[in-house]
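Asker: protein.txt is reproduced below (compact mmCIF, C-alpha atoms).
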```txt
# COMPACT_ATOMS: atom_id res chain seq x y z
CA MET A 13 35.47 97.12 143.40
CA SER A 14 32.47 94.94 142.63
CA ILE A 15 28.75 95.27 143.12
CA TRP A 16 27.42 92.89 145.76
CA VAL A 17 24.00 91.28 145.24
CA CYS A 18 22.64 89.51 148.29
CA GLY A 19 19.58 87.29 148.61
CA GLU A 20 18.10 84.10 147.29
CA VAL A 21 18.68 81.80 144.37
CA LEU A 22 15.89 79.25 144.30
CA VAL A 23 13.94 77.06 141.88
CA ASP A 24 10.76 78.26 140.17
CA ARG A 25 8.71 75.13 139.51
CA ILE A 26 6.41 75.87 136.59
CA GLY A 27 4.47 72.76 135.59
CA GLU A 28 7.12 70.11 134.95
CA SER A 29 9.92 72.64 134.49
CA ASN A 30 12.44 73.67 137.16
CA ILE A 31 13.92 77.09 136.37
CA LEU A 32 16.50 78.91 138.48
CA GLY A 33 15.11 82.14 139.85
CA GLY A 34 14.93 84.44 142.83
CA GLY A 35 14.93 88.23 142.42
CA PRO A 36 18.50 88.74 143.70
CA ALA A 37 19.88 85.89 141.58
CA ASN A 38 18.21 87.33 138.47
CA THR A 39 19.60 90.77 139.34
CA ALA A 40 23.15 89.46 139.75
CA ARG A 41 23.02 87.72 136.39
CA ALA A 42 21.59 90.80 134.66
CA ILE A 43 24.31 93.05 136.10
CA ALA A 44 27.00 90.60 134.98
CA ARG A 45 25.53 90.41 131.47
CA LEU A 46 25.81 94.21 131.32
CA GLY A 47 29.55 93.83 131.82
CA GLN A 48 29.79 94.89 135.47
CA GLU A 49 31.80 93.03 138.08
CA VAL A 50 29.36 91.44 140.52
CA GLN A 51 29.56 89.06 143.46
CA PHE A 52 26.52 87.02 144.52
CA ILE A 53 26.08 86.58 148.28
CA GLY A 54 23.74 83.79 149.31
CA GLY A 55 23.41 80.14 150.22
CA ILE A 56 23.79 77.59 147.44
CA SER A 57 22.99 73.94 148.06
CA SER A 58 25.07 70.95 147.07
CA ASP A 59 21.93 69.39 145.54
CA LYS A 60 21.30 69.22 141.78
CA PHE A 61 19.66 72.65 141.76
CA GLY A 62 22.61 74.17 143.56
CA VAL A 63 25.00 72.59 141.06
CA LYS A 64 22.93 74.08 138.24
CA ALA A 65 22.91 77.47 139.96
CA ARG A 66 26.69 77.55 140.19
CA GLU A 67 26.95 76.55 136.51
CA GLU A 68 24.56 79.28 135.36
CA PHE A 69 26.16 81.95 137.55
CA THR A 70 29.59 81.02 136.23
CA ALA A 71 28.36 81.07 132.61
CA ASP A 72 27.20 84.67 133.17
CA SER A 73 30.47 85.64 134.93
CA VAL A 74 28.82 86.19 138.33
CA GLY A 75 31.42 85.98 141.10
CA LEU A 76 30.86 83.29 143.74
CA GLN A 77 33.63 84.27 146.15
CA PHE A 78 31.14 85.00 148.96
CA VAL A 79 28.69 82.14 148.39
CA HIS A 80 27.87 79.91 151.37
CA ARG A 81 27.92 76.27 150.30
CA SER A 82 25.47 74.09 152.20
CA GLU A 83 24.19 70.51 152.37
CA LYS A 84 20.69 71.83 152.99
CA PRO A 85 18.24 71.72 150.05
CA THR A 86 17.43 74.53 147.63
CA ALA A 87 14.20 76.43 148.33
CA ILE A 88 11.34 75.83 145.88
CA ALA A 89 8.74 78.26 144.53
CA ALA A 90 5.75 76.49 142.99
CA VAL A 91 4.47 78.92 140.34
CA SER A 92 0.93 79.23 139.03
CA LEU A 93 0.23 81.39 135.97
CA ASP A 94 -3.10 82.98 135.11
CA ALA A 95 -4.41 83.61 131.58
CA ASN A 96 -2.33 86.79 131.32
CA GLY A 97 0.89 85.16 132.51
CA LEU A 98 0.64 86.77 135.96
CA ALA A 99 2.44 84.56 138.49
CA THR A 100 1.50 83.56 142.01
CA TYR A 101 3.84 81.56 144.22
CA LYS A 102 3.80 78.94 146.95
CA PHE A 103 7.20 78.77 148.65
CA THR A 104 8.98 75.94 150.43
CA THR A 105 11.72 77.68 152.37
CA ALA A 106 12.12 76.04 155.79
CA ASP A 107 15.63 74.84 156.69
CA SER A 108 16.93 75.44 153.18
CA ALA A 109 20.39 76.44 151.97
CA THR A 110 18.75 79.39 150.23
CA PHE A 111 17.98 81.28 153.45
CA ASP A 112 20.82 80.04 155.64
CA PHE A 113 22.20 83.54 156.32
CA ASN A 114 24.57 84.02 159.22
CA GLU A 115 27.06 86.72 160.15
CA ASP A 116 29.72 84.01 160.56
CA TRP A 117 30.11 83.74 156.78
CA LEU A 118 28.89 87.05 155.38
CA PRO A 119 31.80 89.11 153.92
CA ASP A 120 33.43 91.96 155.80
CA PRO A 121 32.69 95.25 153.97
CA SER A 122 35.51 97.07 155.77
CA ARG A 123 37.98 94.68 154.15
CA CYS A 124 36.35 93.98 150.77
CA LYS A 125 34.79 97.44 150.19
CA PRO A 126 32.01 96.87 147.62
CA SER A 127 30.89 99.68 145.32
CA ALA A 128 27.24 98.97 146.20
CA LEU A 129 25.00 96.34 147.81
CA HIS A 130 21.77 95.30 146.13
CA ILE A 131 19.49 93.31 148.46
CA GLY A 132 15.88 92.31 148.69
CA THR A 133 12.95 89.96 148.20
CA LEU A 134 12.48 87.04 150.59
CA ALA A 135 15.95 87.17 152.15
CA THR A 136 14.98 90.37 153.97
CA VAL A 137 11.79 88.80 155.33
CA ILE A 138 12.39 85.14 156.19
CA GLN A 139 13.66 84.56 159.71
CA PRO A 140 16.03 83.94 161.38
CA GLY A 141 18.38 84.81 158.51
CA ALA A 142 16.79 88.21 157.89
CA VAL A 143 17.85 89.43 161.35
CA SER A 144 21.48 88.59 160.63
CA LEU A 145 21.23 90.17 157.19
CA PHE A 146 19.90 93.46 158.53
CA LYS A 147 22.65 93.75 161.12
CA TRP A 148 25.26 92.94 158.45
CA ALA A 149 23.72 95.31 155.86
CA THR A 150 23.70 98.14 158.40
CA HIS A 151 27.47 97.64 158.67
CA VAL A 152 27.78 97.52 154.86
CA SER A 153 25.95 100.88 154.63
CA GLU A 154 28.92 102.52 156.35
CA PHE A 155 31.03 101.69 153.28
CA ALA A 156 28.66 101.51 150.29
CA PRO A 157 25.16 102.56 149.19
CA ILE A 158 22.36 100.06 149.75
CA ILE A 159 19.92 99.39 146.92
CA TYR A 160 16.79 97.72 148.32
CA ASP A 161 14.14 95.89 146.28
CA PRO A 162 11.30 94.74 148.59
CA ASN A 163 9.60 92.69 145.84
CA VAL A 164 6.70 92.07 148.24
CA ARG A 165 5.64 88.44 148.65
CA SER A 166 2.45 88.41 150.72
CA ASP A 167 2.25 84.65 150.06
CA VAL A 168 5.09 84.28 152.58
CA LEU A 169 4.20 87.05 155.03
CA SER A 170 0.54 88.08 154.96
CA ASP A 171 0.63 90.29 158.07
CA LYS A 172 0.69 93.75 156.50
CA SER A 173 1.75 95.58 159.67
CA ILE A 174 4.80 93.36 160.11
CA TYR A 175 5.68 93.69 156.42
CA VAL A 176 5.47 97.49 156.62
CA GLU A 177 7.71 97.45 159.70
CA ILE A 178 10.28 95.35 157.83
CA PHE A 179 10.05 97.51 154.71
CA GLU A 180 10.57 100.73 156.64
CA ARG A 181 13.43 99.28 158.69
CA TRP A 182 15.30 98.33 155.51
CA SER A 183 14.38 101.62 153.85
CA SER A 184 15.99 103.50 156.75
CA ILE A 185 19.45 102.16 155.81
CA SER A 186 18.96 102.34 152.03
CA THR A 187 20.14 104.93 149.55
CA VAL A 188 18.02 103.65 146.65
CA ILE A 189 14.74 101.74 146.62
CA LYS A 190 13.24 100.02 143.59
CA ALA A 191 9.62 99.05 144.14
CA SER A 192 6.56 98.38 142.04
CA GLU A 193 3.21 100.10 142.15
CA ASP A 194 1.79 96.80 143.38
CA ASP A 195 4.33 96.71 146.23
CA ILE A 196 3.37 100.11 147.63
CA ALA A 197 -0.35 99.60 146.98
CA TRP A 198 -0.28 96.44 149.10
CA LEU A 199 1.86 97.96 151.85
CA TYR A 200 -0.04 101.27 152.04
CA PRO A 201 -3.56 100.71 150.67
CA ASP A 202 -5.03 103.76 152.41
CA GLU A 203 -2.44 106.30 151.25
CA SER A 204 -1.99 108.09 147.95
CA GLU A 205 1.14 107.58 145.91
CA SER A 206 2.42 111.06 146.79
CA GLU A 207 1.92 110.34 150.49
CA VAL A 208 3.82 107.05 150.21
CA VAL A 209 6.66 108.67 148.27
CA LEU A 210 7.00 111.36 150.95
CA ARG A 211 6.92 108.74 153.72
CA ILE A 212 9.71 106.76 152.05
CA MET A 213 11.90 109.76 151.30
CA GLU A 214 11.59 110.94 154.90
CA LEU A 215 13.23 107.68 155.99
CA GLY A 216 16.46 108.91 154.39
CA VAL A 217 16.16 107.36 150.92
CA GLN A 218 17.80 109.46 148.20
CA LEU A 219 16.23 107.84 145.14
CA LEU A 220 12.97 105.91 144.80
CA VAL A 221 12.24 104.15 141.51
CA LEU A 222 8.66 103.00 140.97
CA THR A 223 7.97 100.48 138.24
CA ARG A 224 4.59 100.78 136.54
CA GLY A 225 4.40 97.75 134.29
CA SER A 226 3.52 98.70 130.71
CA ARG A 227 3.51 102.38 131.72
CA GLY A 228 7.23 102.46 132.42
CA ILE A 229 8.95 103.84 135.53
CA THR A 230 9.07 107.00 137.61
CA ALA A 231 12.10 108.04 139.63
CA PHE A 232 11.75 110.34 142.64
CA THR A 233 14.34 112.35 144.55
CA HIS A 234 13.65 114.82 147.35
CA ASP A 235 13.42 117.67 144.82
CA GLU A 236 12.06 116.26 141.57
CA SER A 237 10.72 113.32 139.63
CA THR A 238 11.07 112.03 136.08
CA SER A 239 9.33 109.28 134.13
CA VAL A 240 10.32 106.94 131.31
CA GLU A 241 7.70 105.26 129.15
CA GLY A 242 7.44 101.50 128.96
CA VAL A 243 8.42 99.44 125.92
CA ALA A 244 5.68 97.26 124.44
CA ILE A 245 6.54 93.56 124.44
CA GLU A 246 4.63 90.29 124.26
CA VAL A 247 4.54 89.02 127.85
CA ALA A 248 5.13 85.31 128.31
CA ASP A 249 4.84 85.48 132.10
CA THR A 250 5.85 87.71 135.02
CA VAL A 251 8.41 85.26 136.41
CA GLY A 252 11.90 86.78 136.30
```
Could you spell out this file's structure in structure tokens?
Answerer:
Amino acid sequence: MSIWVCGEVLVDRIGESNILGGGPANTARAIARLGQEVQFIGGISSDKFGVKAREEFTADSVGLQFVHRSEKPTAIAAVSLDANGLATYKFTTADSATFDFNEDWLPDPSRCKPSALHIGTLATVIQPGAVSLFKWATHVSEFAPIIYDPNVRSDVLSDKSIYVEIFERWSSISTVIKASEDDIAWLYPDESESEVVLRIMELGVQLLVLTRGSRGITAFTHDESTSVEGVAIEVADTVG
């Protein structure tokens, strides 16, 4: 059985460079490079960026059995970097192949039986595809654990109350959540970390992993927590 990774593959436009990105696409490639069988689930355009995406996925041994091929264009993320390499984004997503999710083409988990589904970032937010994805993922959760990475993008959805509603809806069907300190600070600015952790675990999540940048990560279960220190590197930028 393979790991399913569902979400977007798009183009990060940094200056004059066009680099394939998208949190789920990066995750699928990383899993494949670690030697695990993985299938990417998402829309890939027939345009030049889509052709490049298929080439790079194939080079990393990412399975494309469940990819939806589309004549619509690839979504673009215009990236701005500050002096510390911290990225901000301006997305062009409307009517793109990248977010053309529909239950008509999403794979049947009762037949294919994945070992896990990793899902997140913009695909769980951008409508109308996100509605179809949630209904489908709820069905997937009957057969495999859901790993959810919100990867909050307030550039796309600035209404905090709606974002929290979406985050908690997805959390309620997830076994594992990976989020950053920045994610939870933006979603719950008036709550302490311990309060947020308790809130998330009460939704039924079994494992919450918080990334802390240079300070490493902390993993929480209902009964305990453990931390791993970060590894010092020279940061070029925060684009995946």
Asker: Under the rule that only C-alpha atoms are counted, which of A:Phe155, A:Phe52, A:Phe146, A:Trp16 is the nearest residue to Phe69 of chain A?
Answerer: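 Smallest separation from Phe69 of chain A among the options: A:Phe52.
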Asker: Determine, counting all atoms listed in the file, which protein, DNA and RNA residues have an atom within 12 Å of an atom of segment 228-238 of chain A; residues of the same chain fewer than 6 positions away are not included. Present the result as a PyMOL selection string.
Answerer: chain A and resi 187-193+205-206+208-222+244-245
Asker: Those residues with C-alpha atoms, as a PDB file, keeping the file's coordinate frame please?
Answerer:
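Below you can see result.pdb, which holds the result:
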```pdb
ATOM      1  CA  THR A 187      20.140 104.930 149.550  1.00  0.00           C
ATOM      2  CA  VAL A 188      18.020 103.650 146.650  1.00  0.00           C
ATOM      3  CA  ILE A 189      14.740 101.740 146.620  1.00  0.00           C
ATOM      4  CA  LYS A 190      13.240 100.020 143.590  1.00  0.00           C
ATOM      5  CA  ALA A 191       9.620  99.050 144.140  1.00  0.00           C
ATOM      6  CA  SER A 192       6.560  98.380 142.040  1.00  0.00           C
ATOM      7  CA  GLU A 193       3.210 100.100 142.150  1.00  0.00           C
ATOM      8  CA  GLU A 205       1.140 107.580 145.910  1.00  0.00           C
ATOM      9  CA  SER A 206       2.420 111.060 146.790  1.00  0.00           C
ATOM     10  CA  VAL A 208       3.820 107.050 150.210  1.00  0.00           C
ATOM     11  CA  VAL A 209       6.660 108.670 148.270  1.00  0.00           C
ATOM     12  CA  LEU A 210       7.000 111.360 150.950  1.00  0.00           C
ATOM     13  CA  ARG A 211       6.920 108.740 153.720  1.00  0.00           C
ATOM     14  CA  ILE A 212       9.710 106.760 152.050  1.00  0.00           C
ATOM     15  CA  MET A 213      11.900 109.760 151.300  1.00  0.00           C
ATOM     16  CA  GLU A 214      11.590 110.940 154.900  1.00  0.00           C
ATOM     17  CA  LEU A 215      13.230 107.680 155.990  1.00  0.00           C
ATOM     18  CA  GLY A 216      16.460 108.910 154.390  1.00  0.00           C
ATOM     19  CA  VAL A 217      16.160 107.360 150.920  1.00  0.00           C
ATOM     20  CA  GLN A 218      17.800 109.460 148.200  1.00  0.00           C
ATOM     21  CA  LEU A 219      16.230 107.840 145.140  1.00  0.00           C
ATOM     22  CA  LEU A 220      12.970 105.910 144.800  1.00  0.00           C
ATOM     23  CA  VAL A 221      12.240 104.150 141.510  1.00  0.00           C
ATOM     24  CA  LEU A 222       8.660 103.000 140.970  1.00  0.00           C
ATOM     25  CA  ALA A 244       5.680  97.260 124.440  1.00  0.00           C
ATOM     26  CA  ILE A 245       6.540  93.560 124.440  1.00  0.00           C
TER      27      ILE A 245
END
```
Asker: Please report the interatomic distance between atom CA of Trp198 of chain A and atom CA of Ala135 of chain A in Å with one decimal.
Answerer: 18.9 Å
Asker: Just the residues within 10 Å of Gly141 of chain A, please, counting only C-alpha atoms, with nothing from its chain fewer than 6 positions along; format it as a ChimeraX atom specification.
Answerer: /A:110-115,135
Asker: Between atom CA of Ser239 of chain A and atom CA of Ile15 of chain A, what distance in Å does the model show, to one decimal?
Answerer: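 For atom CA of Ser239 of chain A relative to atom CA of Ile15 of chain A, the distance reads 25.6 Å.
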Asker: To one decimal place in Å, what is the distance between atom CA of Asn96 of chain A and atom CA of Gly225 of chain A?
Answerer: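 A separation of 13.2 Å between them.
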Asker: With 6 Å added on each side, what axis-aligned box encloses every listed atom of segment 175-193 of chain A? Give the centre and edge lengths in Å to one decimal, as AutoDock Vina command-line options.
Answerer:
```
--center_x 11.7 --center_y 99.3 --center_z 150.9 --size_x 28.9 --size_y 23.2 --size_z 29.7
```
Asker: From the options A:Ala90, A:Leu22, A:Val164, A:Val240, which residue's atoms come nearest to Asp194 of chain A, counting all atoms listed in the file?
Answerer: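 Closest residue, counting all atoms listed in the file: A:Val164.
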Asker: Excluding same-chain residues fewer than 3 positions from Ser14 of chain A, what lies within 7 Å of it counting all atoms listed in the file, as a list in words?
Answerer: Glu49, Val50, Gln51, Pro126 and Ser127 of chain A
Asker: List every protein, DNA or RNA residue that has at least one atom no more than 6 Å from (5.7, 82.8, 138.8) in the file's coordinates, counting all atoms listed in the file, and write the result as a PyMOL selection string.
Answerer: chain A and resi 91-92+99-101+251
Asker: Return the single residue from A:Val79, A:Ile131, A:Val247, A:Ile159 that is closest to Ser58 of chain A, with distances computed using all atoms listed in the file.
Answerer: A:Val79
Asker: Between A:Val21, A:Asn30, A:Asp94, A:Gly132, which one has atoms that come closest to His80 of chain A, using all atoms listed in the file?
Answerer: A:Val21
Asker: Which protein, DNA or RNA residues have an atom at most 12 Å from (9.7, 79.8, 149.1), counting all atoms listed in the file? List them as a ChimeraX atom specification.
Answerer: /A:20-25,33-35,85-91,100-111,133-135,137-138,165-169
Asker: So which one's closest to Thr223 of chain A, A:Ala95, A:Ile196, A:Leu76, A:Met13? Using all atoms listed in the file, please.
Answerer: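 Comparing A:Ala95, A:Ile196, A:Leu76, A:Met13 against Thr223 of chain A, the winner is A:Ile196.
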Asker: I'd like to know which of A:Asp59, A:Val74, A:Leu32, A:Leu199 is closest to Gly47 of chain A, using all atoms listed in the file.
Answerer: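 With all atoms listed in the file as the atom set, the closest residue is A:Val74.
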Asker: Quick one: residues within 9 Å of Arg81 of chain A, all atoms listed in the file, excluding same-chain residues fewer than 2 positions away - as a PyMOL selection string?
Answerer: chain A and resi 54-58+62+79+83-84+109
Asker: Mind checking which residues fall within 8 Å of segment 116-119 of chain A, counting all atoms listed in the file, ignoring those fewer than 6 positions away in the same chain, and posting them as a VMD selection string?
Answerer: chain A and resid 53 78 80 148
